[in-house]
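Participant: What follows is coords-v1.pdb, PDB, C-alpha atoms, pLDDT in the B column.
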```
ATOM      1  CA  MET A   1      -7.577 -10.827 -12.113  1.00 45.00           C
ATOM      2  CA  ASN A   2      -6.985  -7.309 -10.834  1.00 45.00           C
ATOM      3  CA  SER A   3      -4.753  -8.216  -7.926  1.00 47.00           C
ATOM      4  CA  SER A   4      -1.723 -10.453  -8.249  1.00 45.00           C
ATOM      5  CA  GLU A   5      -1.095 -10.565  -4.478  1.00 51.00           C
ATOM      6  CA  THR A   6      -2.899 -13.890  -4.155  1.00 78.00           C
ATOM      7  CA  LEU A   7      -2.060 -15.183  -7.609  1.00 88.00           C
ATOM      8  CA  THR A   8       0.339 -18.077  -7.210  1.00 93.00           C
ATOM      9  CA  PHE A   9       2.646 -19.454  -9.848  1.00 94.00           C
ATOM     10  CA  ARG A  10       0.360 -22.516  -9.990  1.00 94.00           C
ATOM     11  CA  HIS A  11      -2.568 -20.242 -10.977  1.00 94.00           C
ATOM     12  CA  LEU A  12      -0.388 -18.444 -13.486  1.00 93.00           C
ATOM     13  CA  ALA A  13       0.790 -21.713 -15.036  1.00 93.00           C
ATOM     14  CA  LEU A  14      -2.774 -22.984 -15.463  1.00 93.00           C
ATOM     15  CA  ARG A  15      -3.895 -19.729 -17.055  1.00 93.00           C
ATOM     16  CA  TYR A  16      -0.829 -19.739 -19.305  1.00 91.00           C
ATOM     17  CA  LEU A  17      -1.556 -23.291 -20.498  1.00 89.00           C
ATOM     18  CA  ALA A  18      -5.207 -22.404 -21.126  1.00 89.00           C
ATOM     19  CA  SER A  19      -4.109 -19.424 -23.207  1.00 89.00           C
ATOM     20  CA  LEU A  20      -1.883 -21.402 -25.568  1.00 84.00           C
ATOM     21  CA  PRO A  21      -3.260 -21.164 -29.084  1.00 80.00           C
ATOM     22  CA  LEU A  22      -4.475 -24.353 -30.690  1.00 72.00           C
ATOM     23  CA  THR A  23      -2.112 -23.605 -33.552  1.00 68.00           C
ATOM     24  CA  ASN A  24       0.782 -24.752 -31.335  1.00 66.00           C
ATOM     25  CA  THR A  25       1.866 -28.291 -32.009  1.00 76.00           C
ATOM     26  CA  LEU A  26       0.802 -30.960 -29.567  1.00 80.00           C
ATOM     27  CA  LYS A  27       4.485 -31.688 -28.902  1.00 82.00           C
ATOM     28  CA  ALA A  28       5.144 -28.046 -27.893  1.00 82.00           C
ATOM     29  CA  ILE A  29       2.179 -28.060 -25.507  1.00 82.00           C
ATOM     30  CA  GLU A  30       3.222 -31.433 -24.045  1.00 87.00           C
ATOM     31  CA  THR A  31       6.734 -30.087 -23.507  1.00 88.00           C
ATOM     32  CA  ARG A  32       5.415 -27.064 -21.579  1.00 88.00           C
ATOM     33  CA  ILE A  33       3.178 -29.333 -19.476  1.00 89.00           C
ATOM     34  CA  HIS A  34       6.103 -31.661 -18.757  1.00 90.00           C
ATOM     35  CA  HIS A  35       8.350 -28.803 -17.585  1.00 89.00           C
ATOM     36  CA  LEU A  36       5.608 -27.435 -15.369  1.00 92.00           C
ATOM     37  CA  ASP A  37       4.531 -30.794 -13.976  1.00 91.00           C
ATOM     38  CA  GLU A  38       7.969 -32.318 -13.404  1.00 91.00           C
ATOM     39  CA  HIS A  39       9.911 -29.321 -12.123  1.00 93.00           C
ATOM     40  CA  LEU A  40       8.429 -25.846 -12.096  1.00 95.00           C
ATOM     41  CA  LEU A  41       5.204 -26.392 -10.144  1.00 93.00           C
ATOM     42  CA  ASP A  42       6.974 -28.444  -7.473  1.00 93.00           C
ATOM     43  CA  PHE A  43       9.363 -25.579  -6.843  1.00 94.00           C
ATOM     44  CA  PHE A  44       7.421 -22.390  -7.677  1.00 94.00           C
ATOM     45  CA  GLY A  45       3.795 -23.563  -7.367  1.00 92.00           C
ATOM     46  CA  ALA A  46       2.962 -21.959  -4.017  1.00 91.00           C
ATOM     47  CA  TYR A  47       4.954 -18.746  -4.616  1.00 91.00           C
ATOM     48  CA  ALA A  48       2.919 -15.576  -5.125  1.00 92.00           C
ATOM     49  CA  VAL A  49       3.888 -14.348  -8.601  1.00 91.00           C
ATOM     50  CA  ASN A  50       4.694 -10.874  -7.339  1.00 90.00           C
ATOM     51  CA  ALA A  51       7.105 -12.393  -4.779  1.00 90.00           C
ATOM     52  CA  LEU A  52       9.231 -14.169  -7.391  1.00 92.00           C
ATOM     53  CA  THR A  53      12.716 -12.726  -7.839  1.00 92.00           C
ATOM     54  CA  PRO A  54      15.833 -13.535  -9.851  1.00 92.00           C
ATOM     55  CA  HIS A  55      17.158 -15.018  -6.590  1.00 92.00           C
ATOM     56  CA  SER A  56      14.221 -17.489  -6.637  1.00 92.00           C
ATOM     57  CA  VAL A  57      15.208 -18.561 -10.128  1.00 93.00           C
ATOM     58  CA  GLU A  58      18.847 -19.005  -9.080  1.00 93.00           C
ATOM     59  CA  LYS A  59      17.741 -21.204  -6.196  1.00 93.00           C
ATOM     60  CA  PHE A  60      15.609 -23.261  -8.625  1.00 94.00           C
ATOM     61  CA  VAL A  61      18.636 -23.771 -10.874  1.00 94.00           C
ATOM     62  CA  PHE A  62      20.778 -24.839  -7.904  1.00 94.00           C
ATOM     63  CA  CYS A  63      18.117 -27.343  -6.827  1.00 93.00           C
ATOM     64  CA  MET A  64      17.848 -28.797 -10.333  1.00 93.00           C
ATOM     65  CA  GLU A  65      21.638 -29.109 -10.559  1.00 94.00           C
ATOM     66  CA  ALA A  66      21.702 -30.828  -7.169  1.00 93.00           C
ATOM     67  CA  ALA A  67      19.036 -33.245  -8.423  1.00 92.00           C
ATOM     68  CA  GLY A  68      21.310 -34.187 -11.319  1.00 93.00           C
ATOM     69  CA  CYS A  69      19.347 -32.489 -14.107  1.00 92.00           C
ATOM     70  CA  SER A  70      21.270 -31.716 -17.268  1.00 91.00           C
ATOM     71  CA  ASP A  71      22.042 -28.162 -18.300  1.00 90.00           C
ATOM     72  CA  GLY A  72      19.782 -28.602 -21.336  1.00 90.00           C
ATOM     73  CA  GLU A  73      16.853 -29.714 -19.187  1.00 92.00           C
ATOM     74  CA  ILE A  74      17.383 -26.787 -16.814  1.00 92.00           C
ATOM     75  CA  GLN A  75      17.507 -24.311 -19.698  1.00 91.00           C
ATOM     76  CA  ALA A  76      14.368 -25.828 -21.252  1.00 91.00           C
ATOM     77  CA  CYS A  77      12.501 -25.426 -17.943  1.00 93.00           C
ATOM     78  CA  LEU A  78      13.674 -21.824 -17.736  1.00 93.00           C
ATOM     79  CA  VAL A  79      12.237 -21.181 -21.209  1.00 91.00           C
ATOM     80  CA  THR A  80       8.842 -22.413 -19.993  1.00 92.00           C
ATOM     81  CA  PHE A  81       9.184 -20.342 -16.804  1.00 94.00           C
ATOM     82  CA  ARG A  82       9.962 -17.209 -18.857  1.00 93.00           C
ATOM     83  CA  ALA A  83       6.992 -17.925 -21.137  1.00 91.00           C
ATOM     84  CA  CYS A  84       4.719 -17.980 -18.069  1.00 93.00           C
ATOM     85  CA  MET A  85       6.200 -14.738 -16.782  1.00 93.00           C
ATOM     86  CA  THR A  86       5.831 -13.087 -20.212  1.00 93.00           C
ATOM     87  CA  TYR A  87       2.182 -14.145 -20.221  1.00 93.00           C
ATOM     88  CA  ALA A  88       1.762 -12.545 -16.762  1.00 93.00           C
ATOM     89  CA  LEU A  89       3.331  -9.308 -18.024  1.00 92.00           C
ATOM     90  CA  ASP A  90       1.060  -9.340 -21.068  1.00 92.00           C
ATOM     91  CA  GLN A  91      -1.903  -9.622 -18.689  1.00 91.00           C
ATOM     92  CA  HIS A  92      -0.566  -6.578 -16.786  1.00 90.00           C
ATOM     93  CA  TRP A  93      -0.034  -8.526 -13.584  1.00 90.00           C
ATOM     94  CA  GLN A  94       2.485  -7.160 -11.130  1.00 88.00           C
ATOM     95  CA  VAL A  95       5.507  -9.375 -11.714  1.00 89.00           C
ATOM     96  CA  ASN A  96       9.210  -8.700 -11.940  1.00 88.00           C
ATOM     97  CA  ALA A  97       9.851  -7.973 -15.637  1.00 89.00           C
ATOM     98  CA  GLU A  98      13.408  -9.329 -15.337  1.00 90.00           C
ATOM     99  CA  LEU A  99      11.939 -12.815 -14.969  1.00 89.00           C
ATOM    100  CA  SER A 100      10.708 -12.810 -18.555  1.00 86.00           C
ATOM    101  CA  GLN A 101      14.269 -12.281 -19.832  1.00 84.00           C
ATOM    102  CA  PRO A 102      16.983 -14.926 -20.297  1.00 79.00           C
ATOM    103  CA  VAL A 103      19.473 -15.229 -17.467  1.00 62.00           C
ATOM    104  CA  ALA A 104      23.043 -14.346 -18.458  1.00 52.00           C
ATOM    105  CA  THR A 105      25.045 -17.563 -18.345  1.00 46.00           C
ATOM    106  CA  ASP A 106      28.153 -16.513 -20.222  1.00 42.00           C
ATOM    107  CA  THR A 107      30.590 -15.469 -17.519  1.00 41.00           C
ATOM    108  CA  ALA A 108      33.391 -14.829 -19.998  1.00 40.00           C
ATOM    109  CA  CYS A 109      32.096 -11.324 -20.653  1.00 42.00           C
ATOM    110  CA  LEU A 110      32.075 -10.433 -16.963  1.00 43.00           C
ATOM    111  CA  SER A 111      35.037  -8.572 -15.604  1.00 44.00           C
ATOM    112  CA  ALA A 112      36.507  -8.877 -12.119  1.00 45.00           C
ATOM    113  CA  ASP A 113      35.252  -5.341 -11.441  1.00 49.00           C
ATOM    114  CA  THR A 114      31.633  -6.386 -12.030  1.00 47.00           C
ATOM    115  CA  PRO A 115      30.319  -8.406  -9.078  1.00 51.00           C
ATOM    116  CA  LEU A 116      27.689 -11.033  -9.807  1.00 51.00           C
ATOM    117  CA  MET A 117      25.789 -10.222  -6.613  1.00 52.00           C
ATOM    118  CA  GLY A 118      25.691  -7.421  -4.116  1.00 55.00           C
ATOM    119  CA  SER A 119      26.690  -8.169  -0.538  1.00 58.00           C
ATOM    120  CA  ALA A 120      23.037  -8.294   0.591  1.00 57.00           C
ATOM    121  CA  GLU A 121      22.148 -10.729  -2.211  1.00 55.00           C
ATOM    122  CA  PHE A 122      25.148 -12.911  -1.368  1.00 55.00           C
ATOM    123  CA  HIS A 123      24.179 -12.881   2.318  1.00 59.00           C
ATOM    124  CA  ASP A 124      20.570 -13.878   1.470  1.00 60.00           C
ATOM    125  CA  LEU A 125      21.749 -16.663  -0.828  1.00 60.00           C
ATOM    126  CA  TYR A 126      24.176 -17.929   1.803  1.00 60.00           C
ATOM    127  CA  GLN A 127      21.464 -17.905   4.493  1.00 64.00           C
ATOM    128  CA  SER A 128      19.047 -19.762   2.195  1.00 65.00           C
ATOM    129  CA  LEU A 129      21.646 -22.419   1.451  1.00 65.00           C
ATOM    130  CA  VAL A 130      22.470 -22.856   5.141  1.00 64.00           C
ATOM    131  CA  GLN A 131      18.763 -23.206   5.941  1.00 65.00           C
ATOM    132  CA  ASP A 132      18.310 -25.770   3.160  1.00 62.00           C
ATOM    133  CA  ILE A 133      21.280 -27.813   4.340  1.00 66.00           C
ATOM    134  CA  THR A 134      20.353 -27.714   8.016  1.00 64.00           C
ATOM    135  CA  SER A 135      16.701 -28.543   7.357  1.00 62.00           C
ATOM    136  CA  ASP A 136      17.811 -31.615   5.372  1.00 57.00           C
ATOM    137  CA  LEU A 137      20.129 -32.684   8.191  1.00 58.00           C
ATOM    138  CA  TYR A 138      17.797 -32.170  11.134  1.00 56.00           C
ATOM    139  CA  HIS A 139      14.340 -32.876   9.687  1.00 50.00           C
TER     140      HIS A 139
END
```
Would you mind writing the file out in structure tokens?
Facilitator:
Amino acid sequence: MNSSETLTFRHLALRYLASLPLTNTLKAIETRIHHLDEHLLDFFGAYAVNALTPHSVEKFVFCMEAAGCSDGEIQACLVTFRACMTYALDQHWQVNAELSQPVATDTACLSADTPLMGSAEFHDLYQSLVQDITSDLYH
């Protein structure tokens, strides 16, 4: 596909699954399908792949935590998500290359002088959370 403007994560996930070599174990393929079916497609499915951002991934993690998912399950889903994004990069689709890399989770190495988010990112995250909370309350 030449243009990734209309390529959704759902399309990407299906193409990624179709590209998996038959040399992969059935268990590995079933695990990828489970992550996509149970969590990733529900959240990211309708997103255009070129619109995905690290903020989108953070929101996904927050939603999984709120749903009571374990840290291991969240990390396993993120591995599948990164595999999809790596596939998209390999196909030369316009996606954020940061999304194919692991998210830093070790906060011990961060200093107080290094903010986790810029003020605009914090504002966007705050607004998204307020919208999520109010939509749950009033809808």
Participant: Using 10 Å as the limit and counting all atoms listed in the file, can you tabulate each residue of segment 63-96 of chain A that touches segment 33-44 of chain A, with its shortest atom-to-atom distance in Å and the two atoms involved, as a tab-separated table?
Facilitator:
```
residue	atom	partner	partner_atom	distance
A:Cys63	CA	A:Phe43	CA	8.9
A:Met64	CA	A:His39	CA	8.2
A:Glu73	CA	A:His35	CA	8.7
A:Ile74	CA	A:His39	CA	9.2
A:Ala76	CA	A:His35	CA	7.6
A:Cys77	CA	A:His35	CA	5.4
A:Leu78	CA	A:Leu40	CA	8.7
A:Val79	CA	A:His35	CA	9.3
A:Thr80	CA	A:His35	CA	6.8
A:Phe81	CA	A:Leu40	CA	7.3
A:Cys84	CA	A:Leu36	CA	9.9
```
Participant: Atom CA of Thr8 of chain A and atom CA of Gln94 of chain A are how many Å apart?
Facilitator: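 Interatomic distance here is 11.8 Å.
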Participant: Give as a list of chain:residue names the residues that the PyMOL selection byres ((chain A and resi 16) around 10) matches when applied to the coordinates above.
Facilitator: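 Written out, the selection comes to A:Arg10, A:His11, A:Leu12, A:Ala13, A:Leu14, A:Arg15, A:Leu17, A:Ala18, A:Ser19, A:Leu20, A:Arg32, A:Ala83, A:Cys84, A:Met85, A:Thr86, A:Tyr87, A:Ala88.
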Participant: Could you state the separation of atom CA of Pro54 of chain A and atom CA of Trp93 of chain A in Å, given to one decimal place?
Facilitator: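 Value for the atom CA of Pro54 of chain A-atom CA of Trp93 of chain A distance: 17.1 Å.
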Participant: Specify as a list in words each residue included when the PyMOL selection byres ((chain A and resi 56) around 12) is applied to this file.
Facilitator: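 Residues picked by the PyMOL selection byres ((chain A and resi 56) around 12): Leu40, Phe43, Phe44, Tyr47, Ala48, Val49, Asn50, Ala51, Leu52, Thr53, Pro54, His55, Val57, Glu58, Lys59, Phe60, Val61, Phe62, Cys63, Leu78, Phe81, Asn96, Glu98, Leu99, Glu121, Asp124, Leu125 and Ser128 of chain A.
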Participant: What is the distance, in Å and to one decimal place, between atom CA of Cys69 of chain A and atom CA of Thr31 of chain A?
Facilitator: 15.9 Å
